$ cat upload14.cif   # mmCIF, C-alpha atoms
data_structure
#
loop_
_atom_site.label_atom_id
_atom_site.label_comp_id
_atom_site.auth_asym_id
_atom_site.auth_seq_id
_atom_site.Cartn_x
_atom_site.Cartn_y
_atom_site.Cartn_z
CA MET A 1 0.00 0.00 0.00
CA THR A 2 1.31 3.45 -0.96
CA THR A 3 2.07 5.76 1.95
CA VAL A 4 0.50 9.18 1.49
CA LEU A 5 2.19 12.21 3.04
CA THR A 6 0.29 15.49 3.13
CA VAL A 7 0.83 18.99 4.48
CA PHE A 8 -1.66 21.35 6.08
CA THR A 9 -1.38 24.39 3.83
CA LYS A 10 -2.31 26.92 6.52
CA PRO A 11 0.97 28.87 6.09
CA TRP A 12 0.18 29.77 2.46
CA THR A 13 -2.62 32.06 1.31
CA GLY A 14 -1.39 32.72 -2.23
CA PRO A 15 -2.66 31.39 -5.57
CA LEU A 16 -3.40 27.69 -5.82
CA PRO A 17 -1.02 26.93 -8.73
CA GLN A 18 1.87 28.39 -6.74
CA LEU A 19 0.80 26.42 -3.66
CA ALA A 20 0.59 23.22 -5.71
CA ASP A 21 4.12 23.75 -7.02
CA THR A 22 5.43 24.28 -3.48
CA VAL A 23 3.83 21.07 -2.18
CA ALA A 24 4.96 19.01 -5.17
CA GLU A 25 8.53 20.25 -4.74
CA LEU A 26 8.44 18.98 -1.15
CA GLY A 27 7.86 15.46 -2.50
CA LEU A 28 4.44 15.08 -0.90
CA GLN A 29 1.35 13.42 -2.30
CA GLY A 30 -1.39 15.69 -1.06
CA VAL A 31 -2.66 18.43 1.19
CA GLU A 32 -5.03 19.31 3.95
CA LEU A 33 -6.63 22.49 2.65
CA PRO A 34 -8.08 25.19 4.90
CA VAL A 35 -11.63 26.23 3.99
CA ARG A 36 -11.47 29.49 5.89
CA PRO A 37 -11.76 33.24 5.30
CA GLY A 38 -8.63 34.59 3.62
CA TYR A 39 -7.65 31.29 2.00
CA GLN A 40 -7.90 29.92 -1.53
CA VAL A 41 -11.26 28.32 -0.74
CA THR A 42 -13.64 30.00 1.70
CA PRO A 43 -16.88 28.77 3.25
CA GLU A 44 -18.75 31.06 0.84
CA THR A 45 -17.01 29.68 -2.27
CA VAL A 46 -16.69 26.05 -1.23
CA ALA A 47 -19.29 24.65 -3.67
CA THR A 48 -17.27 25.67 -6.73
CA GLY A 49 -13.91 26.49 -5.17
CA LEU A 50 -13.15 23.12 -3.65
CA PRO A 51 -13.69 21.04 -6.83
CA ALA A 52 -11.66 23.64 -8.75
CA ALA A 53 -8.84 23.42 -6.18
CA ALA A 54 -8.88 19.62 -6.44
CA ARG A 55 -8.43 19.86 -10.23
CA ILE A 56 -5.52 22.31 -9.96
CA LEU A 57 -3.75 20.17 -7.36
CA ALA A 58 -4.39 16.99 -9.37
CA GLU A 59 -2.45 18.53 -12.27
CA ARG A 60 0.62 18.31 -9.99
CA GLY A 61 -0.26 14.76 -8.88
CA LEU A 62 -1.66 15.92 -5.55
CA GLN A 63 -4.83 14.95 -3.68
CA ILE A 64 -6.86 16.91 -1.14
CA ARG A 65 -7.02 14.25 1.58
CA SER A 66 -8.75 16.47 4.13
CA VAL A 67 -10.00 19.99 4.66
CA ALA A 68 -10.05 22.08 7.81
CA GLY A 69 -13.35 23.91 7.69
CA PRO A 70 -16.97 24.08 8.80
CA ILE A 71 -19.11 20.99 9.22
CA ASP A 72 -22.26 21.87 7.34
CA GLU A 73 -24.12 20.36 4.42
CA ALA A 74 -22.63 22.77 1.88
CA THR A 75 -19.07 21.80 2.83
CA ILE A 76 -19.92 18.11 3.00
CA ALA A 77 -21.48 18.24 -0.47
CA ALA A 78 -18.47 20.10 -1.87
CA CYS A 79 -16.12 17.51 -0.37
CA GLY A 80 -18.17 14.78 -2.00
CA GLU A 81 -18.00 16.56 -5.36
CA ALA A 82 -14.25 17.10 -5.06
CA GLY A 83 -13.46 13.60 -3.76
CA VAL A 84 -12.26 14.84 -0.38
CA PRO A 85 -12.89 12.15 2.26
CA MET A 86 -12.67 14.17 5.49
CA ILE A 87 -13.43 17.47 7.18
CA ARG A 88 -11.10 17.88 10.17
CA ILE A 89 -12.21 19.85 13.21
CA CYS A 90 -11.13 20.40 16.80
CA VAL A 91 -13.63 20.62 19.63
CA ALA A 92 -13.44 23.61 21.96
CA VAL A 93 -15.09 23.06 25.31
CA ASP A 94 -17.60 25.78 26.13
CA MET A 95 -16.75 26.41 29.77
CA ALA A 96 -20.04 28.26 30.26
CA ILE A 97 -21.83 24.91 29.92
CA GLY A 98 -19.00 22.49 30.68
CA PHE A 99 -17.50 19.40 29.06
CA ARG A 100 -20.49 17.06 29.10
CA ALA A 101 -22.91 19.59 27.67
CA THR A 102 -20.36 20.50 24.98
CA VAL A 103 -20.10 16.84 23.98
CA GLU A 104 -23.88 16.52 23.86
CA ALA A 105 -24.14 19.62 21.64
CA TYR A 106 -21.58 18.27 19.18
CA ARG A 107 -23.29 14.89 19.10
CA ARG A 108 -26.59 16.56 18.21
CA GLN A 109 -24.79 18.33 15.37
CA PHE A 110 -23.23 15.07 14.17
CA ASP A 111 -26.58 13.27 14.36
CA ALA A 112 -28.17 15.87 12.10
CA LEU A 113 -25.36 15.53 9.55
CA ILE A 114 -25.25 11.72 9.31
CA PRO A 115 -27.56 11.57 6.24
CA ALA A 116 -25.37 14.05 4.35
CA LEU A 117 -22.15 12.29 5.40
CA GLU A 118 -23.60 8.99 4.17
CA ARG A 119 -24.87 10.48 0.92
CA TYR A 120 -21.57 12.11 -0.04
CA GLY A 121 -19.14 9.58 1.43
CA VAL A 122 -17.46 12.11 3.72
CA ALA A 123 -16.35 11.77 7.35
CA ILE A 124 -15.91 14.32 10.12
CA GLY A 125 -12.47 13.83 11.68
CA ILE A 126 -12.07 14.93 15.29
CA GLN A 127 -8.55 16.04 16.21
CA ASN A 128 -7.38 16.36 19.78
CA HIS A 129 -6.08 19.82 20.71
CA SER A 130 -4.47 21.04 23.93
CA GLY A 131 -5.90 23.84 26.02
CA LEU A 132 -9.62 24.27 26.68
CA GLN A 133 -10.46 21.69 24.03
CA ILE A 134 -10.74 17.93 23.84
CA GLY A 135 -7.02 17.38 24.13
CA SER A 136 -6.47 13.65 24.50
CA ALA A 137 -7.12 10.48 22.55
CA ALA A 138 -9.30 9.34 25.46
CA GLY A 139 -11.40 12.49 25.15
CA VAL A 140 -11.80 12.06 21.40
CA LEU A 141 -12.92 8.45 21.86
CA TYR A 142 -15.49 9.52 24.45
CA LEU A 143 -16.96 11.99 21.96
CA ILE A 144 -17.04 9.76 18.87
CA GLU A 145 -17.64 6.32 20.36
CA PRO A 146 -21.36 6.18 19.40
CA TYR A 147 -20.56 6.70 15.69
CA ASP A 148 -19.52 4.58 12.76
CA PRO A 149 -15.97 5.71 11.80
CA LYS A 150 -17.11 6.17 8.21
CA HIS A 151 -19.16 9.11 9.53
CA VAL A 152 -17.19 10.43 12.53
CA CYS A 153 -13.60 9.33 12.99
CA ALA A 154 -10.39 10.29 14.80
CA VAL A 155 -7.40 12.44 13.86
CA LEU A 156 -4.51 11.89 16.25
CA ASP A 157 -2.04 14.71 16.91
CA MET A 158 0.70 13.51 19.23
CA ALA A 159 2.10 17.01 19.71
CA HIS A 160 -1.08 17.98 21.54
CA CYS A 161 -1.09 14.65 23.39
CA SER A 162 2.47 15.28 24.53
CA VAL A 163 1.49 18.70 25.89
CA ALA A 164 -1.41 17.02 27.70
CA GLY A 165 0.87 14.22 28.97
CA GLU A 166 -0.71 11.27 27.12
CA PRO A 167 1.82 8.57 26.06
CA THR A 168 2.14 7.68 22.37
CA ALA A 169 1.50 3.94 22.61
CA LEU A 170 -1.58 4.53 24.78
CA ALA A 171 -3.01 7.23 22.51
CA VAL A 172 -2.65 5.07 19.38
CA ASP A 173 -4.16 2.06 21.14
CA ILE A 174 -7.17 4.08 22.32
CA LEU A 175 -8.06 5.22 18.79
CA ALA A 176 -6.75 2.22 16.83
CA ASP A 177 -9.99 1.21 15.13
CA ARG A 178 -11.20 4.78 14.49
CA LEU A 179 -8.06 6.50 13.26
CA ARG A 180 -8.15 8.02 9.76
CA LEU A 181 -5.43 10.70 9.90
CA ALA A 182 -2.16 11.04 11.84
CA ASN A 183 -0.57 14.45 12.40
CA PHE A 184 3.19 14.79 12.74
CA LYS A 185 4.16 18.07 14.38
CA SER A 186 6.16 18.98 17.45
CA ALA A 187 5.72 21.04 20.59
CA TYR A 188 6.95 21.43 24.12
CA GLN A 189 6.03 23.55 27.12
CA ARG A 190 8.51 26.46 27.37
CA ARG A 191 8.85 28.22 30.71
CA ILE A 192 8.32 31.94 30.26
CA THR A 193 9.02 33.13 33.83
CA ALA A 194 12.28 33.30 35.75
CA PRO A 195 13.20 30.41 38.10
CA GLU A 196 12.50 32.50 41.21
CA GLU A 197 9.03 33.49 39.95
CA GLU A 198 5.83 31.49 39.89
CA ALA A 199 6.07 29.07 36.99
CA ALA A 200 4.22 29.91 33.78
CA TYR A 201 4.55 28.05 30.50
CA LYS A 202 3.76 28.56 26.83
CA VAL A 203 3.51 25.93 24.11
CA HIS A 204 6.33 26.28 21.59
CA TRP A 205 5.91 24.72 18.11
CA THR A 206 9.11 23.32 16.72
CA THR A 207 10.81 20.63 14.61
CA HIS A 208 11.04 16.88 15.14
CA GLN A 209 14.35 17.08 17.03
CA HIS A 210 12.75 19.02 19.88
CA ALA A 211 9.36 17.31 20.15
CA ALA A 212 8.08 16.27 23.56
CA TYR A 213 7.42 12.80 22.08
CA SER A 214 9.25 10.47 19.69
CA TRP A 215 8.23 10.54 16.03
CA ARG A 216 9.84 7.10 15.69
CA ASP A 217 7.64 5.71 18.46
CA PHE A 218 4.57 7.19 16.78
CA VAL A 219 5.42 5.63 13.40
CA GLN A 220 6.09 2.27 15.05
CA ALA A 221 2.83 2.39 17.03
CA LEU A 222 0.87 3.19 13.85
CA ARG A 223 2.51 0.31 12.02
CA LYS A 224 1.66 -2.04 14.89
CA ILE A 225 -2.07 -1.35 14.46
CA GLY A 226 -1.91 -1.61 10.66
CA TYR A 227 -2.64 2.06 10.11
CA SER A 228 -3.32 2.85 6.43
CA GLY A 229 -4.37 6.52 6.48
CA ALA A 230 -2.41 9.61 5.49
CA TYR A 231 0.48 11.12 7.43
CA CYS A 232 -0.04 14.88 7.67
CA LEU A 233 2.60 17.47 8.52
CA PRO A 234 0.77 20.54 9.89
CA ALA A 235 3.77 22.85 9.23
CA GLU A 236 3.37 24.73 12.51
CA TYR A 237 6.46 26.47 13.85
CA SER A 238 6.44 29.26 16.42
CA HIS A 239 7.57 32.67 15.21
CA PRO A 240 10.77 33.86 16.93
CA SER A 241 8.94 36.99 18.11
CA GLY A 242 6.83 34.74 20.31
CA GLN A 243 3.70 36.00 18.58
CA GLY A 244 1.90 33.45 16.41
CA GLN A 245 3.45 31.05 13.91
CA ARG A 246 5.74 31.33 10.92
CA MET A 247 3.83 31.80 7.68
CA GLY A 248 4.45 31.38 3.96
CA ASP A 249 7.75 30.10 2.64
CA GLU A 250 9.35 30.98 5.99
CA VAL A 251 8.30 27.48 7.13
CA LEU A 252 10.09 25.68 4.29
CA PRO A 253 13.55 25.13 5.85
CA PHE A 254 11.94 23.60 8.93
CA LEU A 255 9.30 21.67 7.00
CA ARG A 256 11.85 20.15 4.60
CA GLY A 257 13.77 18.74 7.56
CA ASP A 258 10.62 17.28 9.08
CA VAL A 259 9.52 15.77 5.74
CA ALA A 260 12.92 14.13 5.26
CA HIS A 261 12.90 12.78 8.82
CA LEU A 262 9.40 11.33 8.52
CA LYS A 263 10.19 9.72 5.17
CA GLY A 264 13.28 8.15 6.71
CA LEU A 265 11.29 6.75 9.62
CA LEU A 266 8.68 5.29 7.29
CA ARG A 267 11.39 3.59 5.20
CA GLU A 268 13.03 2.30 8.36
CA VAL A 269 9.82 0.82 9.73
CA ALA A 270 8.83 -0.67 6.37
CA GLY A 271 12.30 -2.09 5.81
#
$ encode --input "upload14.cif" --output "structure tokens"
Amino acid sequence: MTTVLTVFTKPWTGPLPQLADTVAELGLQGVELPVRPGYQVTPETVATGLPAAARILAERGLQIRSVAGPIDEATIAACGEAGVPMIRICVAVDMAIGFRATVEAYRRQFDALIPALERYGVAIGIQNHSGLQIGSAAGVLYLIEPYDPKHVCAVLDMAHCSVAGEPTALAVDILADRLRLANFKSAYQRRITAPEEEAAYKVHWTTHQHAAYSWRDFVQALRKIGYSGAYCLPAEYSHPSGQGQRMGDEVLPFLRGDVAHLKGLLREVAG
């Protein structure tokens, strides 16, 4: 089975042909495309924009394996038309109502969308995210357990698990039969106060060498469960100013190193 490596194209907001060239030059097979204001495809243009984007990317031998955008019937239908199998989302916990009520609200939303997901052959992929969100594999499983994975599945991001303190082997085991996308990015908690002051930390996004978990362990754990989905590099690297993330081609030196490292691990495990 061919291994598919993709990149989340969040850093680039320029024309699609230029984006396609950049991704192809990285030696990847596809993308996760944002469907967001300010990007090549927006929620307002998704019906025509997403199929058009798929055609442009296909000219470079690239697939749209997932989108990061709204979960509504218009986006689901556009994904079906464009051959995109997944809409990836994260789940913020509304602290005004609490965790359980947030889960119930999302499940009601999923329930209403099941007919459209079935009709168009699209899944909603739930990614764990640190902070006031569902941050662990265990939390994702709790949310999606009532659903068939062809409708609502899991996206595992070990960088966020590592920030939350969830071990790699455990996280992969928890989501083994529901996992459709694996994210490879890196983070650690950086102390931002002096040693003699009360400790405060900030998440720093970085390259594979400095991750708070082992990319090798993640690849090996995925192989152990027979994982066959895509491997996505989210291309998130903290800006040296401490404000936000690097954008545009500024990510390329870091991303190239991560792509090469992941390819090497996949060859090593397959070998």
$ atom_distance --input "upload14.cif" --atom1 "CA of Pro149 (chain A)" --atom2 "CA of Arg178 (chain A)"
5.6 Å
$ resolve_selection --input "upload14.cif" --expression "the PyMOL selection byres ((chain A and resi 69-84) around 7)" --output "compact mmCIF listing (two decimals) with C-alpha atoms, keeping the file's coordinate frame"
# COMPACT_ATOMS: atom_id res chain seq x y z
CA PRO A 34 -8.08 25.19 4.90
CA VAL A 35 -11.63 26.23 3.99
CA ARG A 36 -11.47 29.49 5.89
CA VAL A 46 -16.69 26.05 -1.23
CA ALA A 47 -19.29 24.65 -3.67
CA LEU A 50 -13.15 23.12 -3.65
CA PRO A 51 -13.69 21.04 -6.83
CA ALA A 54 -8.88 19.62 -6.44
CA ILE A 64 -6.86 16.91 -1.14
CA ARG A 65 -7.02 14.25 1.58
CA SER A 66 -8.75 16.47 4.13
CA VAL A 67 -10.00 19.99 4.66
CA ALA A 68 -10.05 22.08 7.81
CA PRO A 85 -12.89 12.15 2.26
CA MET A 86 -12.67 14.17 5.49
CA ILE A 87 -13.43 17.47 7.18
CA ARG A 88 -11.10 17.88 10.17
CA ILE A 89 -12.21 19.85 13.21
CA ALA A 116 -25.37 14.05 4.35
CA LEU A 117 -22.15 12.29 5.40
CA TYR A 120 -21.57 12.11 -0.04
CA GLY A 121 -19.14 9.58 1.43
CA VAL A 122 -17.46 12.11 3.72
$ residues_around --input "upload14.cif" --residues "region 17-31 of chain A" --least-positions-apart "3" --cutoff "8 Å" --atoms "all atoms listed in the file" --output "MDAnalysis selection string"
chainID A and resid 4:9 12 14 56:57 60:66 232 256 259
$ atom_distance --input "upload14.cif" --atom1 "CA of Leu262 (chain A)" --atom2 "CA of Leu175 (chain A)"
21.2 Å
$ atom_distance --input "upload14.cif" --atom1 "CA of Ala187 (chain A)" --atom2 "CA of Val203 (chain A)"
6.4 Å
$ residues_near_point --input "upload14.cif" --point "(3.2, 16.2, 24.5)" --cutoff "9 Å" --atoms "only C-alpha atoms" --output "number ranges by chain"
A: 158-168, 186-189, 211-213
$ residues_around --input "upload14.cif" --residues "Cys90 (chain A)" --least-positions-apart "4" --cutoff "8 Å" --atoms "only C-alpha atoms" --output "PyMOL selection string"
chain A and resi 126-129+133-134
$ closest_residue --input "upload14.cif" --among "A:Arg119, A:Ala137, A:Gln243, A:Leu143" --to "Val93 (chain A)" --atoms "all atoms listed in the file"
A:Leu143
$ closest_residue --input "upload14.cif" --among "A:Ile174, A:Arg190, A:Arg180, A:Ala169" --to "Asp217 (chain A)" --atoms "only C-alpha atoms"
A:Ala169
$ closest_residue --input "upload14.cif" --among "A:Leu265, A:Ala194, A:Leu16, A:Val152" --to "Gly49 (chain A)" --atoms "only C-alpha atoms"
A:Leu16
$ closest_residue --input "upload14.cif" --among "A:Val251, A:Ala176, A:Ala260, A:Ala171" --to "Ser238 (chain A)" --atoms "all atoms listed in the file"
A:Val251
$ axis_aligned_box --input "upload14.cif" --around "region 225-233 of chain A" --padding-each-side "3 Å" --output "AutoDock Vina command-line options"
--center_x -0.9 --center_y 7.9 --center_z 10.0 --size_x 13.0 --size_y 25.1 --size_z 15.0
$ resolve_selection --input "upload14.cif" --expression "the PyMOL selection byres ((chain A and resi 270) around 12)" --output "PyMOL selection string"
chain A and resi 1-3+219-220+222-224+226+263-269+271
$ resolve_selection --input "upload14.cif" --expression "the PyMOL selection byres ((chain A and resi 104-108) around 12)" --output "PDB file with C-alpha atoms, in the frame of the given file"
ATOM      1  CA  ILE A  71     -19.110  20.990   9.220  1.00  0.00           C
ATOM      2  CA  ILE A  89     -12.210  19.850  13.210  1.00  0.00           C
ATOM      3  CA  CYS A  90     -11.130  20.400  16.800  1.00  0.00           C
ATOM      4  CA  VAL A  91     -13.630  20.620  19.630  1.00  0.00           C
ATOM      5  CA  ALA A  92     -13.440  23.610  21.960  1.00  0.00           C
ATOM      6  CA  VAL A  93     -15.090  23.060  25.310  1.00  0.00           C
ATOM      7  CA  ASP A  94     -17.600  25.780  26.130  1.00  0.00           C
ATOM      8  CA  ILE A  97     -21.830  24.910  29.920  1.00  0.00           C
ATOM      9  CA  GLY A  98     -19.000  22.490  30.680  1.00  0.00           C
ATOM     10  CA  PHE A  99     -17.500  19.400  29.060  1.00  0.00           C
ATOM     11  CA  ARG A 100     -20.490  17.060  29.100  1.00  0.00           C
ATOM     12  CA  ALA A 101     -22.910  19.590  27.670  1.00  0.00           C
ATOM     13  CA  THR A 102     -20.360  20.500  24.980  1.00  0.00           C
ATOM     14  CA  VAL A 103     -20.100  16.840  23.980  1.00  0.00           C
ATOM     15  CA  GLN A 109     -24.790  18.330  15.370  1.00  0.00           C
ATOM     16  CA  PHE A 110     -23.230  15.070  14.170  1.00  0.00           C
ATOM     17  CA  ASP A 111     -26.580  13.270  14.360  1.00  0.00           C
ATOM     18  CA  ALA A 112     -28.170  15.870  12.100  1.00  0.00           C
ATOM     19  CA  LEU A 113     -25.360  15.530   9.550  1.00  0.00           C
ATOM     20  CA  ILE A 114     -25.250  11.720   9.310  1.00  0.00           C
ATOM     21  CA  ILE A 124     -15.910  14.320  10.120  1.00  0.00           C
ATOM     22  CA  ILE A 126     -12.070  14.930  15.290  1.00  0.00           C
ATOM     23  CA  ILE A 134     -10.740  17.930  23.840  1.00  0.00           C
ATOM     24  CA  VAL A 140     -11.800  12.060  21.400  1.00  0.00           C
ATOM     25  CA  TYR A 142     -15.490   9.520  24.450  1.00  0.00           C
ATOM     26  CA  LEU A 143     -16.960  11.990  21.960  1.00  0.00           C
ATOM     27  CA  ILE A 144     -17.040   9.760  18.870  1.00  0.00           C
ATOM     28  CA  GLU A 145     -17.640   6.320  20.360  1.00  0.00           C
ATOM     29  CA  PRO A 146     -21.360   6.180  19.400  1.00  0.00           C
ATOM     30  CA  TYR A 147     -20.560   6.700  15.690  1.00  0.00           C
ATOM     31  CA  HIS A 151     -19.160   9.110   9.530  1.00  0.00           C
ATOM     32  CA  VAL A 152     -17.190  10.430  12.530  1.00  0.00           C
TER      33      VAL A 152
END
$ closest_residue --input "upload14.cif" --among "A:Asn183, A:Thr45, A:Ser136, A:Thr207" --to "Leu170 (chain A)" --atoms "all atoms listed in the file"
A:Ser136
$ build_atoms --input "upload14.cif" --residues "region 91-114 of chain A" --atoms "N, CA, C and O atoms" --output "PDB file, in the frame of the given file"
ATOM      1  N   VAL A  91     -12.422  20.386  18.826  1.00  0.00           N
ATOM      2  CA  VAL A  91     -13.630  20.620  19.630  1.00  0.00           C
ATOM      3  C   VAL A  91     -13.284  21.450  20.860  1.00  0.00           C
ATOM      4  O   VAL A  91     -12.679  20.951  21.827  1.00  0.00           O
ATOM      5  N   ALA A  92     -13.633  22.719  20.804  1.00  0.00           N
ATOM      6  CA  ALA A  92     -13.440  23.610  21.960  1.00  0.00           C
ATOM      7  C   ALA A  92     -14.530  23.346  22.982  1.00  0.00           C
ATOM      8  O   ALA A  92     -15.706  23.213  22.633  1.00  0.00           O
ATOM      9  N   VAL A  93     -14.131  23.275  24.230  1.00  0.00           N
ATOM     10  CA  VAL A  93     -15.090  23.060  25.310  1.00  0.00           C
ATOM     11  C   VAL A  93     -15.632  24.408  25.754  1.00  0.00           C
ATOM     12  O   VAL A  93     -14.871  25.306  26.128  1.00  0.00           O
ATOM     13  N   ASP A  94     -16.934  24.563  25.680  1.00  0.00           N
ATOM     14  CA  ASP A  94     -17.600  25.780  26.130  1.00  0.00           C
ATOM     15  C   ASP A  94     -17.677  25.743  27.653  1.00  0.00           C
ATOM     16  O   ASP A  94     -18.519  25.026  28.218  1.00  0.00           O
ATOM     17  N   MET A  95     -16.815  26.482  28.317  1.00  0.00           N
ATOM     18  CA  MET A  95     -16.750  26.410  29.770  1.00  0.00           C
ATOM     19  C   MET A  95     -17.987  27.011  30.442  1.00  0.00           C
ATOM     20  O   MET A  95     -18.213  26.788  31.635  1.00  0.00           O
ATOM     21  N   ALA A  96     -18.803  27.736  29.685  1.00  0.00           N
ATOM     22  CA  ALA A  96     -20.040  28.260  30.260  1.00  0.00           C
ATOM     23  C   ALA A  96     -21.039  27.132  30.512  1.00  0.00           C
ATOM     24  O   ALA A  96     -21.908  27.245  31.383  1.00  0.00           O
ATOM     25  N   ILE A  97     -20.928  26.050  29.732  1.00  0.00           N
ATOM     26  CA  ILE A  97     -21.830  24.910  29.920  1.00  0.00           C
ATOM     27  C   ILE A  97     -21.102  23.652  30.372  1.00  0.00           C
ATOM     28  O   ILE A  97     -21.727  22.704  30.863  1.00  0.00           O
ATOM     29  N   GLY A  98     -19.789  23.619  30.211  1.00  0.00           N
ATOM     30  CA  GLY A  98     -19.000  22.490  30.680  1.00  0.00           C
ATOM     31  C   GLY A  98     -18.779  21.414  29.627  1.00  0.00           C
ATOM     32  O   GLY A  98     -19.336  21.433  28.523  1.00  0.00           O
ATOM     33  N   PHE A  99     -17.934  20.452  29.993  1.00  0.00           N
ATOM     34  CA  PHE A  99     -17.500  19.400  29.060  1.00  0.00           C
ATOM     35  C   PHE A  99     -18.645  18.538  28.572  1.00  0.00           C
ATOM     36  O   PHE A  99     -18.833  18.320  27.378  1.00  0.00           O
ATOM     37  N   ARG A 100     -19.433  17.998  29.487  1.00  0.00           N
ATOM     38  CA  ARG A 100     -20.490  17.060  29.100  1.00  0.00           C
ATOM     39  C   ARG A 100     -21.525  17.710  28.184  1.00  0.00           C
ATOM     40  O   ARG A 100     -21.941  17.118  27.181  1.00  0.00           O
ATOM     41  N   ALA A 101     -21.917  18.913  28.508  1.00  0.00           N
ATOM     42  CA  ALA A 101     -22.910  19.590  27.670  1.00  0.00           C
ATOM     43  C   ALA A 101     -22.322  19.935  26.306  1.00  0.00           C
ATOM     44  O   ALA A 101     -23.030  19.907  25.295  1.00  0.00           O
ATOM     45  N   THR A 102     -21.022  20.250  26.259  1.00  0.00           N
ATOM     46  CA  THR A 102     -20.360  20.500  24.980  1.00  0.00           C
ATOM     47  C   THR A 102     -20.394  19.241  24.122  1.00  0.00           C
ATOM     48  O   THR A 102     -20.711  19.297  22.917  1.00  0.00           O
ATOM     49  N   VAL A 103     -20.062  18.111  24.712  1.00  0.00           N
ATOM     50  CA  VAL A 103     -20.100  16.840  23.980  1.00  0.00           C
ATOM     51  C   VAL A 103     -21.506  16.566  23.451  1.00  0.00           C
ATOM     52  O   VAL A 103     -21.695  16.175  22.286  1.00  0.00           O
ATOM     53  N   GLU A 104     -22.502  16.769  24.286  1.00  0.00           N
ATOM     54  CA  GLU A 104     -23.880  16.520  23.860  1.00  0.00           C
ATOM     55  C   GLU A 104     -24.276  17.431  22.696  1.00  0.00           C
ATOM     56  O   GLU A 104     -24.956  16.990  21.752  1.00  0.00           O
ATOM     57  N   ALA A 105     -23.819  18.688  22.727  1.00  0.00           N
ATOM     58  CA  ALA A 105     -24.140  19.620  21.640  1.00  0.00           C
ATOM     59  C   ALA A 105     -23.493  19.180  20.334  1.00  0.00           C
ATOM     60  O   ALA A 105     -24.124  19.239  19.264  1.00  0.00           O
ATOM     61  N   TYR A 106     -22.246  18.750  20.397  1.00  0.00           N
ATOM     62  CA  TYR A 106     -21.580  18.270  19.180  1.00  0.00           C
ATOM     63  C   TYR A 106     -22.236  17.000  18.666  1.00  0.00           C
ATOM     64  O   TYR A 106     -22.391  16.826  17.445  1.00  0.00           O
ATOM     65  N   ARG A 107     -22.637  16.124  19.564  1.00  0.00           N
ATOM     66  CA  ARG A 107     -23.290  14.890  19.100  1.00  0.00           C
ATOM     67  C   ARG A 107     -24.613  15.198  18.403  1.00  0.00           C
ATOM     68  O   ARG A 107     -24.962  14.546  17.416  1.00  0.00           O
ATOM     69  N   ARG A 108     -25.346  16.177  18.906  1.00  0.00           N
ATOM     70  CA  ARG A 108     -26.590  16.560  18.210  1.00  0.00           C
ATOM     71  C   ARG A 108     -26.285  17.071  16.808  1.00  0.00           C
ATOM     72  O   ARG A 108     -27.013  16.780  15.847  1.00  0.00           O
ATOM     73  N   GLN A 109     -25.194  17.828  16.684  1.00  0.00           N
ATOM     74  CA  GLN A 109     -24.790  18.330  15.370  1.00  0.00           C
ATOM     75  C   GLN A 109     -24.393  17.172  14.448  1.00  0.00           C
ATOM     76  O   GLN A 109     -24.800  17.129  13.278  1.00  0.00           O
ATOM     77  N   PHE A 110     -23.616  16.235  14.975  1.00  0.00           N
ATOM     78  CA  PHE A 110     -23.230  15.070  14.170  1.00  0.00           C
ATOM     79  C   PHE A 110     -24.454  14.281  13.739  1.00  0.00           C
ATOM     80  O   PHE A 110     -24.565  13.858  12.575  1.00  0.00           O
ATOM     81  N   ASP A 111     -25.373  14.050  14.674  1.00  0.00           N
ATOM     82  CA  ASP A 111     -26.580  13.270  14.360  1.00  0.00           C
ATOM     83  C   ASP A 111     -27.335  13.883  13.182  1.00  0.00           C
ATOM     84  O   ASP A 111     -27.803  13.168  12.290  1.00  0.00           O
ATOM     85  N   ALA A 112     -27.435  15.202  13.170  1.00  0.00           N
ATOM     86  CA  ALA A 112     -28.170  15.870  12.100  1.00  0.00           C
ATOM     87  C   ALA A 112     -27.464  15.758  10.755  1.00  0.00           C
ATOM     88  O   ALA A 112     -28.112  15.833   9.699  1.00  0.00           O
ATOM     89  N   LEU A 113     -26.142  15.562  10.789  1.00  0.00           N
ATOM     90  CA  LEU A 113     -25.360  15.530   9.550  1.00  0.00           C
ATOM     91  C   LEU A 113     -25.137  14.121   9.003  1.00  0.00           C
ATOM     92  O   LEU A 113     -24.629  13.977   7.883  1.00  0.00           O
ATOM     93  N   ILE A 114     -25.497  13.097   9.751  1.00  0.00           N
ATOM     94  CA  ILE A 114     -25.250  11.720   9.310  1.00  0.00           C
ATOM     95  C   ILE A 114     -25.815  11.448   7.915  1.00  0.00           C
ATOM     96  O   ILE A 114     -25.116  10.867   7.064  1.00  0.00           O
TER      97      ILE A 114
END
